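The block underneath contains the structure these notes are about, expressed in structure tokens.
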Amino acid sequence: MLQAFLVALVVFICVGGAELIGFTMLNRPIVIGPLVGLFLGDIQTGVIIGASLEAVFMGVVNIGGASAAEPGIATAVGTAFAIMLGKGSEVALTLALPIGILGLQIKTVLYIFIVGMFAKRFDQLASEGKERQIVVLHYGLWAINWALYSLVAFLGILFGSNAVSALLEAIPDVVMNGLTVCGGLLPAVGMAMLMKMLWDQKICMFYFLGFVLAAYLELPLIALAVLGVIVAIAIGMNDYKLNQLEGQRLAAVPVKSTDSYQLDEEEEEFFA
Amino acid sequence: MSNLTKSIPADERKLLKKAFWRSFTLYAAVSPAKQGASGFCYSLMPFINKFYKDDEEGRKQALSRSMSYFNTTIPLSTFIMGLVASMEKENSEREDFDTNSINAVKSSLMGPLAGIGDSIFWGVLRVIAGGVAVGLGAAGNILAPIVYLLLFNVPAILVKYYGTYYTMCWHICFVIMACLQVTIWAQHLSSQPVRMDFWVRLLRAQVL
């Protein structure tokens, strides 16, 4: 009961707080994991689970409001079950994804049926110039919305822990081992989703360079970061020099009438 | 940066600071229909109350104007707020100001700025901060969440803070330019999508 309340509190503070003080990344797994760990008395496990879930959810980007799962409630409930049932981070990884997908559905429903209902009311209040009520509604909707959302986590922990523990007992070892291996693969999926955005054929060789450095030479993260900065500076200086040479070449050759047009077109393509 | 803030009158600087703090709650009452509309309205309230002190009808209209759909990346939102605030000021002082241009500027800026902001803050900064923090966290280091929050939020909040002031300094020049451009540009609106280069040129014209 107390544990369920604490987890719900974390969901309210982190996921709701992230909406209240806008875009501060409070609702990411790496923050929620340790906080749940702290409240349930096992901060070490919380940090480790938070880190592995952050790696999974790193690729989940909600640009323009579209996303695949809600990492906040997924991490909170997943970490709580992992700590309460005394199982490792594999349990958290296995549980987190379905909870995250469910959480997103609930969040969308709340957005549409709680806050969305008041869209007209906001307009009406604004045209009547009632500022006080706008402010009250602005904060009030926030409180109601996220209280309901954290209630989901509360109920999930309260009624779900027996069911989840029974479910985990019932799953045969072979399947559980398979799930564990899959859980280990999930960070790679998260990275792959991220790569899909960042992938570029000109710079993909650095990705493989980084892989070799990390996997075979076993360099620590800081060494990798320094190497990355060095490579970036070297390339940047090279490009700068090339740019200058190009400028000199253009200055030496008499300017054709089309040149300025071409530059303009290039610029437009860049910013289009 | 200090030169930047000095050119703004003290009372407006105070209002900007207020808008900066209020803009944190931009998405507190977020919904698919309105996104950050109520947050935008809430952030602009100090300005609207000051500019339309003696004009109740104008105040109501300004409130409903700021209650229109608004959605952009939070660190860049204050930039638009400052711009809209300076336009509201012009509107309160001049009779012949075209009020449609305020929302036209607002809604044409929020798309491109969200595109830039989401890629910088969501796509790059969050991933860098996450990469560092995941490395720390996997080793069981308790500092991981703190490092993560600092790495992400310090640049994001700095951008937001200075974004507020940038627009107000340029505001007079900017507003005239923007009004001119919007009227020209409105003719193309039906056939062309939102173009980034227009705003980049506009900004460049202000800087140089």
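Every chain in the structure tokens has a letter given in the order shown (A, B, ...), and although residue numbers restart at 1 in each chain, ligands are simply numbered from 1 in the order shown.
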
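For chain A, the residues within 6 Å of chain B are Glu19, Leu20, Ile21, Gly22, Ile30, Val31, Gln44, Val47, Ile48, Ala51, Tyr111, Val115, Gly116, Ala126, Ser127, Gly129, His138, Leu141, Trp142, Phe271 and Ala272 of chain A, with only C-alpha atoms used to measure distance.
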
Write the residues of the selection above to a file with N, CA and C atoms, as a PDB file, in the first residue's frame.
```
ATOM      1  N   GLU A  19       5.540  18.162 -17.078  1.00  0.00           N
ATOM      2  CA  GLU A  19       4.598  18.985 -17.844  1.00  0.00           C
ATOM      3  C   GLU A  19       4.441  20.356 -17.202  1.00  0.00           C
ATOM      4  N   LEU A  20       4.524  20.401 -15.875  1.00  0.00           N
ATOM      5  CA  LEU A  20       4.314  21.680 -15.198  1.00  0.00           C
ATOM      6  C   LEU A  20       5.486  22.621 -15.439  1.00  0.00           C
ATOM      7  N   ILE A  21       6.720  22.131 -15.274  1.00  0.00           N
ATOM      8  CA  ILE A  21       7.837  23.040 -15.471  1.00  0.00           C
ATOM      9  C   ILE A  21       8.522  22.750 -16.797  1.00  0.00           C
ATOM     10  N   GLY A  22       7.726  22.382 -17.740  1.00  0.00           N
ATOM     11  CA  GLY A  22       8.018  22.225 -19.123  1.00  0.00           C
ATOM     12  C   GLY A  22       9.377  21.721 -19.575  1.00  0.00           C
ATOM     13  N   ILE A  30      16.026   7.657 -16.707  1.00  0.00           N
ATOM     14  CA  ILE A  30      17.252   7.806 -15.920  1.00  0.00           C
ATOM     15  C   ILE A  30      17.012   8.628 -14.656  1.00  0.00           C
ATOM     16  N   VAL A  31      15.961   9.460 -14.643  1.00  0.00           N
ATOM     17  CA  VAL A  31      15.634  10.227 -13.440  1.00  0.00           C
ATOM     18  C   VAL A  31      14.659   9.449 -12.557  1.00  0.00           C
ATOM     19  N   GLN A  44      20.580   1.686  -5.699  1.00  0.00           N
ATOM     20  CA  GLN A  44      21.565   1.142  -6.649  1.00  0.00           C
ATOM     21  C   GLN A  44      20.856   0.439  -7.823  1.00  0.00           C
ATOM     22  N   VAL A  47      19.146   2.953 -10.097  1.00  0.00           N
ATOM     23  CA  VAL A  47      20.015   3.640 -11.055  1.00  0.00           C
ATOM     24  C   VAL A  47      20.301   2.741 -12.249  1.00  0.00           C
ATOM     25  N   ILE A  48      20.623   1.470 -11.947  1.00  0.00           N
ATOM     26  CA  ILE A  48      21.013   0.564 -13.040  1.00  0.00           C
ATOM     27  C   ILE A  48      19.826   0.320 -13.977  1.00  0.00           C
ATOM     28  N   ALA A  51      19.159   3.391 -16.039  1.00  0.00           N
ATOM     29  CA  ALA A  51      20.116   3.565 -17.137  1.00  0.00           C
ATOM     30  C   ALA A  51      19.774   2.642 -18.298  1.00  0.00           C
ATOM     31  N   TYR A 111      -5.844  13.270 -22.067  1.00  0.00           N
ATOM     32  CA  TYR A 111      -5.682  14.521 -22.818  1.00  0.00           C
ATOM     33  C   TYR A 111      -6.967  14.898 -23.536  1.00  0.00           C
ATOM     34  N   VAL A 115      -8.634  17.270 -20.462  1.00  0.00           N
ATOM     35  CA  VAL A 115      -8.172  18.617 -20.831  1.00  0.00           C
ATOM     36  C   VAL A 115      -8.861  19.097 -22.096  1.00  0.00           C
ATOM     37  N   GLY A 116      -9.018  18.181 -23.049  1.00  0.00           N
ATOM     38  CA  GLY A 116      -9.592  18.573 -24.335  1.00  0.00           C
ATOM     39  C   GLY A 116     -10.990  19.153 -24.205  1.00  0.00           C
ATOM     40  N   ALA A 126     -11.299  33.573 -22.133  1.00  0.00           N
ATOM     41  CA  ALA A 126     -10.403  34.586 -22.679  1.00  0.00           C
ATOM     42  C   ALA A 126     -11.194  35.726 -23.290  1.00  0.00           C
ATOM     43  N   SER A 127     -12.265  35.393 -24.012  1.00  0.00           N
ATOM     44  CA  SER A 127     -13.021  36.460 -24.666  1.00  0.00           C
ATOM     45  C   SER A 127     -13.814  37.279 -23.648  1.00  0.00           C
ATOM     46  N   GLY A 129     -12.399  37.920 -20.769  1.00  0.00           N
ATOM     47  CA  GLY A 129     -11.353  38.611 -20.019  1.00  0.00           C
ATOM     48  C   GLY A 129     -11.214  38.166 -18.580  1.00  0.00           C
ATOM     49  N   HIS A 138      -5.918  26.580 -15.759  1.00  0.00           N
ATOM     50  CA  HIS A 138      -4.607  26.194 -16.280  1.00  0.00           C
ATOM     51  C   HIS A 138      -3.911  25.235 -15.319  1.00  0.00           C
ATOM     52  N   LEU A 141      -6.436  21.923 -14.245  1.00  0.00           N
ATOM     53  CA  LEU A 141      -6.455  20.820 -15.208  1.00  0.00           C
ATOM     54  C   LEU A 141      -5.193  19.991 -15.090  1.00  0.00           C
ATOM     55  N   TRP A 142      -4.078  20.690 -14.867  1.00  0.00           N
ATOM     56  CA  TRP A 142      -2.821  19.969 -14.709  1.00  0.00           C
ATOM     57  C   TRP A 142      -2.918  19.009 -13.539  1.00  0.00           C
ATOM     58  N   PHE A 271      17.527  25.867 -46.268  1.00  0.00           N
ATOM     59  CA  PHE A 271      16.570  26.315 -45.246  1.00  0.00           C
ATOM     60  C   PHE A 271      15.137  25.900 -45.543  1.00  0.00           C
ATOM     61  N   ALA A 272      14.928  25.301 -46.680  1.00  0.00           N
ATOM     62  CA  ALA A 272      13.545  24.997 -47.069  1.00  0.00           C
ATOM     63  C   ALA A 272      12.911  24.003 -46.105  1.00  0.00           C
TER      64      ALA A 272
END
```

Non-local contacts of A:Ala69 (6 Å; only C-alpha atoms; under 5 positions in same chain excluded) as an MDAnalysis selection string: chainID A and resid 100:101 104

Would you output that residue set with C-alpha atoms, as a PDB file, in the first residue's frame?
```pdb
ATOM      1  CA  GLY A 100       4.654   2.129 -21.464  1.00  0.00           C
ATOM      2  CA  ILE A 101       2.375   1.427 -24.419  1.00  0.00           C
ATOM      3  CA  LEU A 104       0.498   6.238 -23.578  1.00  0.00           C
TER       4      LEU A 104
END
```

Hey, what's within 8 Å of B:Lys106 if we count only C-alpha atoms and toss same-chain stuff fewer than 3 positions away? As a VMD selection string, please? chain B and resid 80 84 102 to 103 109 to 110

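The space between atom CA of A:Ala96 and atom CA of A:Gly78 spans 5.0 Å.
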
Report the residues of stretch 16-211 of chain A whose backbone DSSP state falls under helix (DSSP H, G or I), written as an MDAnalysis selection string. chainID A and resid 16:20 29:40 43:57 63:65 71:84 89:128 131:170 173:198 204:211

Residues near B:Thr78, cut-off 6 Å, only C-alpha atoms, skip fewer than 3 positions along chain, as a PyMOL selection string: chain B and resi 81+160+163-164

Put those residues in a file: N, CA and C atoms, as a tab-separated table (two decimals), in the first residue's frame.
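File written: again_31.tsv
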```tsv
chain	number	residue	atom	x	y	z
B	81	MET	N	7.12	34.59	-27.61
B	81	MET	CA	6.37	35.38	-26.64
B	81	MET	C	6.84	36.83	-26.65
B	160	LYS	N	16.31	29.68	-23.39
B	160	LYS	CA	14.99	30.23	-23.12
B	160	LYS	C	15.09	31.61	-22.50
B	163	GLY	N	16.39	34.09	-25.06
B	163	GLY	CA	15.40	34.22	-26.13
B	163	GLY	C	14.37	35.28	-25.81
B	164	THR	N	14.04	35.40	-24.52
B	164	THR	CA	13.05	36.40	-24.11
B	164	THR	C	13.52	37.80	-24.46
```

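Of the residues listed (B:Phe97, B:Phe70, B:Ile120, B:Lys14), B:Lys14 shows the shortest atom-to-atom separation from B:Pro46; distances use only C-alpha atoms.
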
Do you have the atom CA of A:Cys182-atom CA of A:Leu93 distance handy? 9.0 Å

Two-atom distance - atom CA of A:Asp42, atom CA of A:Gln3 (Å): 12.5 Å
